[in-house]
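Participant: Right, I'll just put the structure down here and ask away after.
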Amino acid sequence: MYREEDENKEVEAIEEADTEEKESSREERPDASRTKNAGKSDNSEYEDVCFICRRPESKAGKMFKLPNNICVCDECMHRTMDAVSQFDYQGMLNNSQFQKEMDELTRQGGFPNISFVNLADLQGDGGIPNKQKLKKKKKAEKAPALNIRDIPAPHKIKASLDEYVVGQEHAKKVISVAVYNHYKRVATNTMDEIEIEKSNMLMIGPTGCGKTYLVKTLARLLDVPLAIADATSLTEAGYIGDDIESVVSKLLAAADNDVEKAERGIIFIDEIDKIAKKKNTNTRDVSGESVQQGMLKLLEGAEVEVPVGANSKNAMVPLATVNTRNILFICGGAFPDLEDIVKERLTKTASIGFNSELKDKYDKDKNILSKVTVEDIKKFGMIPEFIGRLPIIYTLEGLTKEMMVKILKEPKNAILKQYQKLLELDEVKLEFSDEALEAIAEKAMERDTGARALRSIIEDFMLDIMYEIPKDDNIGRVTITREYIEGKGGPVIDIRGAQIQGIEEKQ
């Protein structure tokens with residue numbers, strides 16, 4: 001009797017414990033599901049990226065979810081399974097000797113000299129970080145369209161450029177109209193079902209005339225993504241160097257990785273003359289003609305896959321598709337020796353007879369590049385297909401002595417204004433005589449490196465002044481003269497006491 005009662009009590013106790021466990025598990029399950037859903041909601045704005053090919057889910061399709069938050073696309077999974085199926089596992093498993101060796105290794109507790117990688121260590125604490133994922137495109141939210149009334153007119157763009165760039169009236173007019181039309185083209189997309197073609201530009205000018213400075217100033221004035229790339233490092237696909245698509249990846253970075261914003265931007269490719277065809281060479285021209293051919297699709301307008309946050313497609317980063325149809329391309333270059341090609345064409349007529357011309361007729365012509373034609377550029381080494389995609393070709397003027405003097409003192413951030421500001425911090429007034437400015441311009445013309453020579457010349461003769469002035473607190477004003485520039489004398493230095501006395505005498 002006692003045994004039966006004890007057994008019944010034990011059975012009842014076990015049943016009560018089971019019911020309590022079930023109820024507690026039911027209560028815990030909703031919390032667990034909440035945590036899972038909460039984890040998903042945190043990353044809902046990001047889409048998964050394939051661990052092998054790095055393509056996002058929007059391009060690769062459905063993903064296979066593996067442990068440690070690793071995702072593999074359907075195509076990569078099939079390739080992996082095909083590679084695995086090539087091995088003859090059946091032959092290995094049917095081999096009795098192989099079976100004995102495997103049993104012995106298992107009994108000993110593992111495989112000698114073999115260590116397996118823990119994928120969780122590679123991924124960190126929280127799996128694949130968000131910066132390795134692409135943000136999902138929100139279809140509902142669209143970027144606000146540009147309003148035509150808010151587009152700055154060409155004369156306003158040129159007026160802003162005039163504050164910083166001296167001369168180059170034709171170049172500023174051309175670039176202002178091109179940017180204005182680019183804004184209108186992006187804002188309307190089509191006009192009466194007539195598609196407006198973009199007007200890519202080729203800017204030609206001697207070194208130091210302000211090609212890059214013009215575009216950099218434009219970048220500060222405009223509220224449109226603008227990227228400045230260099231053509232010297234570009235090479236054909238498959239060779240060491242930057243890919244041709246890297247110029248678009250710089251624009252994407254300038255637009256904060258916003259593809260829609262980047263597709264209405266401007267790209268300036270500097271040193272475009274460095275990708276001209278190499279003459280009399282038997283080796284493969286990987287940084288010349290082949291780069292021009294690769295850039296044809298970019299200039300015309302095509303969908304290109306560019307890496308997000310890197311310059312090379314080989315980097316393990318996601319790829320974004322950018323359409324270059326609405327991107328305005330501005331190419332610039334100094335084109336050295338192009339003057340000789342132009343002179344040769346202009347002096348082709350007979351040097352003896354009625355229509356003869358002197359061979360040195362155009363030697364002193366500073367603006368010889370203004371007479372350039374498409375044939376001259378083709379002879380320089382640019383292929384016809386490349387030139388045809390740059391319909392607007394214009395030149396910048398060579399700098400004259402008068403322009404050099406204006407560059408020294410007129411722009412908002414002129415070189416002389418910079419030094420005057422530096423000495424103002426020491427409570428010293430810096431002045432330049434007109435003869436001194438002419439002497440600086442003459443020396444810069446001799447160096448023949450354009451406006452870049454002005455800075456180096458001023459650095460030379462301002463070194464002693466900037467070194468000596470902080471020593472003496474009595475110096476109130478320094479005047480730079482022509483004699484000091486030519487090395488025949490020194491600057492005129494006024495002491496503070498004498499300066500005050502002179503003011504009192506005038507009163």
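The way I read the labels, and the way they are meant: chains A, B, ... in the order of the structure tokens, residue 1 as the first residue of every chain, and ligand 1 as the first ligand shown, with later ones counted on from there.
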Compile the contact shell of stretch 195-201 of chain A as an NGL selection string: residues with an atom at most 6 Å away, counting only C-alpha atoms, same-chain residues fewer than 2 positions apart removed.
Facilitator: :A and (190 or 328-330 or 390 or 392-393)
Participant: Fewer than 6 positions away in the same chain doesn't count, so skip those; otherwise give me all residues within 10 Å of A:Asp273, counting only C-alpha atoms, as a ChimeraX atom specification.
Facilitator: /A:204,231-232,288,331-336,377,380-382
Participant: Would you kindly return, as a list in words, each protein, DNA or RNA residue with an atom no farther than 6 Å from any atom of stretch 468-485 of chain A, considering only C-alpha atoms and excluding same-chain residues fewer than 3 positions away?
Facilitator: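 The residues satisfying every condition are Val428, Lys429, Leu430, Glu431, Phe432, Ser433, Glu435, Ala436, Ile465, Lys488, Gly489, Gly490, Pro491, Val492, Ile493, Asp494, Ile495 and Arg496 of chain A.
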Participant: Just give me the gap between atom CA of A:Ala302 and atom CA of A:Gly265 in Å, one decimal is fine.
Facilitator: 14.7 Å
Participant: Atom CA of A:Ala178 and atom CA of A:Pro154, how far apart in Å?
Facilitator: 8.5 Å
Participant: Restricting the calculation to only C-alpha atoms, which member of A:Glu193, A:Asp223, A:Glu305, A:Glu47 is positioned closest to A:Ala255?
Facilitator: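 Distance minimum relative to A:Ala255 lands on A:Asp223.
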Participant: Please provide the set of residues having any atom within 9 Å of stretch 400-417 of chain A, restricted to only C-alpha atoms, with same-chain residues fewer than 5 positions apart removed, written as a list in words.
Facilitator: Asp162, Glu163, Tyr164, Val165, Val166, Gly167, Lys366, Leu422, Leu430, Glu431, Phe432, Asp434, Leu437, Glu438, Ile440, Ala441, Glu442, Ala444, Met445, Gly450, Ala451, Leu454, Arg455 and Ile458 of chain A
Participant: Env of A:Val49: 9 Å cut, atoms = only C-alpha atoms, seq-sep filter 2 positions within chain, self excluded. Answer as a JSON list (two decimals) with all heavy atoms, in the first residue's frame.
Facilitator:
```
[["chain", "number", "residue", "atom", "x", "y", "z"],
["A", 47, "GLU", "N", 20.69, 45.55, -47.50],
["A", 47, "GLU", "CA", 20.45, 44.30, -48.20],
["A", 47, "GLU", "C", 21.69, 43.43, -48.12],
["A", 47, "GLU", "O", 22.81, 43.92, -48.03],
["A", 47, "GLU", "CB", 20.06, 44.55, -49.65],
["A", 47, "GLU", "CG", 21.04, 45.35, -50.46],
["A", 47, "GLU", "CD", 20.56, 45.56, -51.88],
["A", 47, "GLU", "OE1", 19.81, 44.71, -52.36],
["A", 47, "GLU", "OE2", 20.96, 46.56, -52.50],
["A", 51, "PHE", "N", 28.88, 36.56, -49.96],
["A", 51, "PHE", "CA", 30.19, 36.47, -49.33],
["A", 51, "PHE", "C", 31.30, 36.17, -50.34],
["A", 51, "PHE", "O", 32.46, 36.47, -50.10],
["A", 51, "PHE", "CB", 30.15, 35.38, -48.25],
["A", 51, "PHE", "CG", 31.38, 35.32, -47.39],
["A", 51, "PHE", "CD1", 31.61, 36.28, -46.43],
["A", 51, "PHE", "CD2", 32.31, 34.30, -47.56],
["A", 51, "PHE", "CE1", 32.75, 36.24, -45.65],
["A", 51, "PHE", "CE2", 33.44, 34.24, -46.78],
["A", 51, "PHE", "CZ", 33.66, 35.22, -45.81],
["A", 52, "ILE", "N", 30.93, 35.59, -51.49],
["A", 52, "ILE", "CA", 31.94, 35.16, -52.48],
["A", 52, "ILE", "C", 32.10, 36.19, -53.59],
["A", 52, "ILE", "O", 33.20, 36.69, -53.84],
["A", 52, "ILE", "CB", 31.57, 33.78, -53.07],
["A", 52, "ILE", "CG1", 31.54, 32.72, -51.94],
["A", 52, "ILE", "CG2", 32.55, 33.36, -54.15],
["A", 52, "ILE", "CD1", 31.02, 31.38, -52.34],
["A", 53, "CYS", "N", 31.00, 36.55, -54.28],
["A", 53, "CYS", "CA", 31.11, 37.46, -55.43],
["A", 53, "CYS", "C", 30.84, 38.91, -55.08],
["A", 53, "CYS", "O", 31.00, 39.79, -55.93],
["A", 53, "CYS", "CB", 30.17, 37.02, -56.55],
["A", 53, "CYS", "SG", 28.41, 37.20, -56.14],
["A", 54, "ARG", "N", 30.41, 39.22, -53.84],
["A", 54, "ARG", "CA", 30.19, 40.57, -53.33],
["A", 54, "ARG", "C", 29.06, 41.32, -54.02],
["A", 54, "ARG", "O", 28.98, 42.53, -53.96],
["A", 54, "ARG", "CB", 31.47, 41.42, -53.41],
["A", 54, "ARG", "CG", 32.72, 40.77, -52.88],
["A", 54, "ARG", "CD", 32.60, 40.29, -51.48],
["A", 54, "ARG", "NE", 32.31, 41.36, -50.52],
["A", 54, "ARG", "CZ", 31.98, 41.16, -49.27],
["A", 54, "ARG", "NH1", 31.82, 39.92, -48.82],
["A", 54, "ARG", "NH2", 31.74, 42.16, -48.46],
["A", 55, "ARG", "N", 28.17, 40.61, -54.71],
["A", 55, "ARG", "CA", 27.04, 41.28, -55.34],
["A", 55, "ARG", "C", 25.89, 41.40, -54.35],
["A", 55, "ARG", "O", 25.65, 40.49, -53.55],
["A", 55, "ARG", "CB", 26.57, 40.49, -56.57],
["A", 55, "ARG", "CG", 27.54, 40.55, -57.74],
["A", 55, "ARG", "CD", 26.96, 39.86, -58.96],
["A", 55, "ARG", "NE", 26.64, 38.46, -58.67],
["A", 55, "ARG", "CZ", 25.93, 37.67, -59.47],
["A", 55, "ARG", "NH1", 25.44, 38.16, -60.60],
["A", 55, "ARG", "NH2", 25.68, 36.41, -59.14],
["A", 56, "PRO", "N", 25.15, 42.52, -54.38],
["A", 56, "PRO", "CA", 24.02, 42.67, -53.46],
["A", 56, "PRO", "C", 22.85, 41.80, -53.87],
["A", 56, "PRO", "O", 22.78, 41.28, -54.99],
["A", 56, "PRO", "CB", 23.67, 44.15, -53.56],
["A", 56, "PRO", "CG", 24.16, 44.56, -54.90],
["A", 56, "PRO", "CD", 25.37, 43.72, -55.18],
["A", 57, "GLU", "N", 21.89, 41.64, -52.97],
["A", 57, "GLU", "CA", 20.76, 40.76, -53.19],
["A", 57, "GLU", "C", 19.89, 41.25, -54.34],
["A", 57, "GLU", "O", 19.28, 40.44, -55.05],
["A", 57, "GLU", "CB", 19.92, 40.67, -51.90],
["A", 57, "GLU", "CG", 18.85, 39.59, -51.93],
["A", 57, "GLU", "CD", 18.14, 39.47, -50.60],
["A", 57, "GLU", "OE1", 18.38, 40.31, -49.72],
["A", 57, "GLU", "OE2", 17.35, 38.53, -50.45],
["A", 60, "ALA", "N", 22.01, 39.78, -57.39],
["A", 60, "ALA", "CA", 22.33, 38.35, -57.42],
["A", 60, "ALA", "C", 21.09, 37.47, -57.23],
["A", 60, "ALA", "O", 21.11, 36.30, -57.60],
["A", 60, "ALA", "CB", 23.35, 38.03, -56.34],
["A", 63, "MET", "N", 19.31, 34.68, -51.65],
["A", 63, "MET", "CA", 20.53, 34.29, -50.96],
["A", 63, "MET", "C", 20.29, 33.07, -50.08],
["A", 63, "MET", "O", 19.19, 32.88, -49.54],
["A", 63, "MET", "CB", 21.03, 35.45, -50.08],
["A", 63, "MET", "CG", 21.44, 36.69, -50.85],
["A", 63, "MET", "SD", 23.08, 36.51, -51.54],
["A", 63, "MET", "CE", 23.28, 38.12, -52.28],
["A", 70, "ILE", "N", 26.46, 34.64, -42.73],
["A", 70, "ILE", "CA", 27.08, 34.59, -44.06],
["A", 70, "ILE", "C", 26.01, 34.26, -45.08],
["A", 70, "ILE", "O", 25.19, 33.36, -44.88],
["A", 70, "ILE", "CB", 28.21, 33.53, -44.09],
["A", 70, "ILE", "CG1", 29.34, 33.95, -43.15],
["A", 70, "ILE", "CG2", 28.74, 33.34, -45.50],
["A", 70, "ILE", "CD1", 30.43, 32.94, -43.01],
["A", 71, "CYS", "N", 26.00, 35.04, -46.18],
["A", 71, "CYS", "CA", 25.03, 34.83, -47.25],
["A", 71, "CYS", "C", 25.78, 34.47, -48.53],
["A", 71, "CYS", "O", 26.81, 35.07, -48.85],
["A", 71, "CYS", "CB", 24.20, 36.09, -47.48],
["A", 71, "CYS", "SG", 23.31, 36.62, -46.01],
["A", 72, "VAL", "N", 25.25, 33.50, -49.29],
["A", 72, "VAL", "CA", 25.84, 33.08, -50.57],
["A", 72, "VAL", "C", 24.73, 33.07, -51.60],
["A", 72, "VAL", "O", 23.64, 32.55, -51.35],
["A", 72, "VAL", "CB", 26.50, 31.68, -50.46],
["A", 72, "VAL", "CG1", 27.11, 31.28, -51.79],
["A", 72, "VAL", "CG2", 27.56, 31.67, -49.38],
["A", 73, "CYS", "N", 25.00, 33.65, -52.76],
["A", 73, "CYS", "CA", 23.98, 33.71, -53.81],
["A", 73, "CYS", "C", 23.81, 32.34, -54.46],
["A", 73, "CYS", "O", 24.64, 31.44, -54.31],
["A", 73, "CYS", "CB", 24.33, 34.77, -54.84],
["A", 73, "CYS", "SG", 25.76, 34.39, -55.84],
["A", 132, "GLN", "N", 29.87, 46.91, -45.10],
["A", 132, "GLN", "CA", 30.09, 45.98, -46.20],
["A", 132, "GLN", "C", 28.80, 45.65, -46.92],
["A", 132, "GLN", "O", 28.79, 44.82, -47.81],
["A", 132, "GLN", "CB", 30.73, 44.69, -45.69],
["A", 132, "GLN", "CG", 32.16, 44.86, -45.19],
["A", 132, "GLN", "CD", 33.12, 45.24, -46.29],
["A", 132, "GLN", "OE1", 32.95, 44.80, -47.42],
["A", 132, "GLN", "NE2", 34.10, 46.07, -46.00],
["A", 133, "LYS", "N", 27.68, 46.27, -46.49],
["A", 133, "LYS", "CA", 26.40, 46.04, -47.15],
["A", 133, "LYS", "C", 25.96, 47.29, -47.88],
["A", 133, "LYS", "O", 26.43, 48.38, -47.59],
["A", 133, "LYS", "CB", 25.34, 45.66, -46.11],
["A", 133, "LYS", "CG", 25.61, 44.34, -45.39],
["A", 133, "LYS", "CD", 24.46, 44.00, -44.47],
["A", 133, "LYS", "CE", 24.68, 42.66, -43.77],
["A", 133, "LYS", "NZ", 23.54, 42.30, -42.92],
["A", 134, "LEU", "N", 25.08, 47.11, -48.83],
["A", 134, "LEU", "CA", 24.54, 48.24, -49.59],
["A", 134, "LEU", "C", 23.17, 48.60, -49.04],
["A", 134, "LEU", "O", 22.39, 47.73, -48.68],
["A", 134, "LEU", "CB", 24.41, 47.88, -51.07],
["A", 134, "LEU", "CG", 25.70, 47.90, -51.89],
["A", 134, "LEU", "CD1", 25.39, 47.44, -53.29],
["A", 134, "LEU", "CD2", 26.31, 49.27, -51.91],
["A", 318, "PRO", "N", 31.25, 45.97, -52.34],
["A", 318, "PRO", "CA", 30.11, 45.86, -53.25],
["A", 318, "PRO", "C", 30.25, 46.79, -54.45],
["A", 318, "PRO", "O", 30.93, 47.82, -54.38],
["A", 318, "PRO", "CB", 28.92, 46.25, -52.38],
["A", 318, "PRO", "CG", 29.45, 46.77, -51.11],
["A", 318, "PRO", "CD", 30.88, 46.41, -51.00]]
```
Participant: Please give the complete set of residues from stretch 379-478 of chain A that DSSP, run on the backbone, assigns to strand (DSSP E), formatted as a list of chain:residue names.
Facilitator: A:Ile392, A:Ile393, A:Tyr394, A:Thr395, A:Lys429, A:Leu430, A:Glu431, A:Phe432, A:Ile475, A:Gly476, A:Arg477, A:Val478
Participant: For those residues, write N, CA and C atoms to a file as a PDB file, in the first residue's frame.
Facilitator:
```pdb
ATOM      1  N   ILE A 392      32.691  70.153 -78.004  1.00  0.00           N
ATOM      2  CA  ILE A 392      33.089  71.536 -77.736  1.00  0.00           C
ATOM      3  C   ILE A 392      34.588  71.561 -77.443  1.00  0.00           C
ATOM      4  N   ILE A 393      35.358  72.155 -78.340  1.00  0.00           N
ATOM      5  CA  ILE A 393      36.812  72.270 -78.180  1.00  0.00           C
ATOM      6  C   ILE A 393      37.149  73.753 -78.113  1.00  0.00           C
ATOM      7  N   TYR A 394      37.775  74.182 -77.034  1.00  0.00           N
ATOM      8  CA  TYR A 394      38.165  75.595 -76.915  1.00  0.00           C
ATOM      9  C   TYR A 394      39.527  75.686 -76.241  1.00  0.00           C
ATOM     10  N   THR A 395      40.180  76.830 -76.435  1.00  0.00           N
ATOM     11  CA  THR A 395      41.536  77.024 -75.932  1.00  0.00           C
ATOM     12  C   THR A 395      41.567  78.163 -74.923  1.00  0.00           C
ATOM     13  N   LYS A 429      51.936  96.574 -41.968  1.00  0.00           N
ATOM     14  CA  LYS A 429      51.270  96.819 -43.244  1.00  0.00           C
ATOM     15  C   LYS A 429      52.246  96.548 -44.381  1.00  0.00           C
ATOM     16  N   LEU A 430      51.821  95.723 -45.372  1.00  0.00           N
ATOM     17  CA  LEU A 430      52.674  95.386 -46.511  1.00  0.00           C
ATOM     18  C   LEU A 430      52.119  96.059 -47.759  1.00  0.00           C
ATOM     19  N   GLU A 431      53.003  96.750 -48.500  1.00  0.00           N
ATOM     20  CA  GLU A 431      52.610  97.432 -49.722  1.00  0.00           C
ATOM     21  C   GLU A 431      53.579  97.083 -50.848  1.00  0.00           C
ATOM     22  N   PHE A 432      53.073  97.136 -52.083  1.00  0.00           N
ATOM     23  CA  PHE A 432      53.886  96.870 -53.272  1.00  0.00           C
ATOM     24  C   PHE A 432      53.748  98.063 -54.214  1.00  0.00           C
ATOM     25  N   ILE A 475      58.545  97.876 -36.241  1.00  0.00           N
ATOM     26  CA  ILE A 475      58.271  97.980 -37.682  1.00  0.00           C
ATOM     27  C   ILE A 475      56.771  98.126 -37.888  1.00  0.00           C
ATOM     28  N   GLY A 476      56.381  99.163 -38.624  1.00  0.00           N
ATOM     29  CA  GLY A 476      54.968  99.421 -38.844  1.00  0.00           C
ATOM     30  C   GLY A 476      54.523  99.193 -40.276  1.00  0.00           C
ATOM     31  N   ARG A 477      55.441  99.393 -41.238  1.00  0.00           N
ATOM     32  CA  ARG A 477      55.067  99.231 -42.648  1.00  0.00           C
ATOM     33  C   ARG A 477      56.290  98.826 -43.452  1.00  0.00           C
ATOM     34  N   VAL A 478      56.061  97.942 -44.445  1.00  0.00           N
ATOM     35  CA  VAL A 478      57.120  97.495 -45.363  1.00  0.00           C
ATOM     36  C   VAL A 478      56.623  97.721 -46.792  1.00  0.00           C
TER      37      VAL A 478
END
```
Participant: Which is closer to A:Arg325 than all the others in A:Lys261, A:Lys184, A:Ala227, A:Lys297, using only C-alpha atoms?
Facilitator: A:Lys297
Participant: What's the 9 Å shell around A:Asn323, counting only C-alpha atoms, without same-chain residues fewer than 5 positions away, as a ChimeraX atom specification?
Facilitator: /A:259,263,298,301-305
Participant: Which of these, A:Leu234, A:Ile175, A:Met81, A:Ala253, has the shortest distance to A:Ile269 once you count only C-alpha atoms?
Facilitator: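 For A:Ile269, the nearest of the candidates is A:Leu234.
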Participant: For each of A:Ile266, A:Val224, A:Ala276, A:Met466, take the minimum atom-to-atom distance to A:Phe386, counting only C-alpha atoms, then give the residue where this is smallest.
Facilitator: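 Ranked by minimum distance to A:Phe386, first place goes to A:Ala276.
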Participant: In Å, with one decimal, what is the gap from atom CA of A:Ala153 to atom CA of A:Leu222?
Facilitator: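 Separation between atom CA of A:Ala153 and atom CA of A:Leu222: 11.9 Å.
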Participant: Find the residue from A:Ile240, A:Val177, A:Ala254, A:Val317 that sits nearest to A:Ser287; use only C-alpha atoms when measuring.
Facilitator: A:Ile240
Participant: Compare A:Ile244, A:Leu218, A:Val291, A:Leu346 by their minimum atom-to-atom distance to A:Val179, counting only C-alpha atoms, and give me the closest one.
Facilitator: A:Leu218
Participant: Per DSSP on the backbone, what are the helix (DSSP H, G or I) residues of stretch 388-478 of chain A, as JSON, numbers by chain?
Facilitator: {"A": [388, 401, 402, 403, 404, 405, 406, 407, 408, 409, 415, 416, 417, 418, 419, 420, 421, 422, 423, 424, 434, 435, 436, 437, 438, 439, 440, 441, 442, 443, 444, 445, 446, 447, 452, 453, 454, 455, 456, 457, 458, 459, 460, 461, 462, 463, 464, 465, 466, 467, 468, 469, 470, 471]}
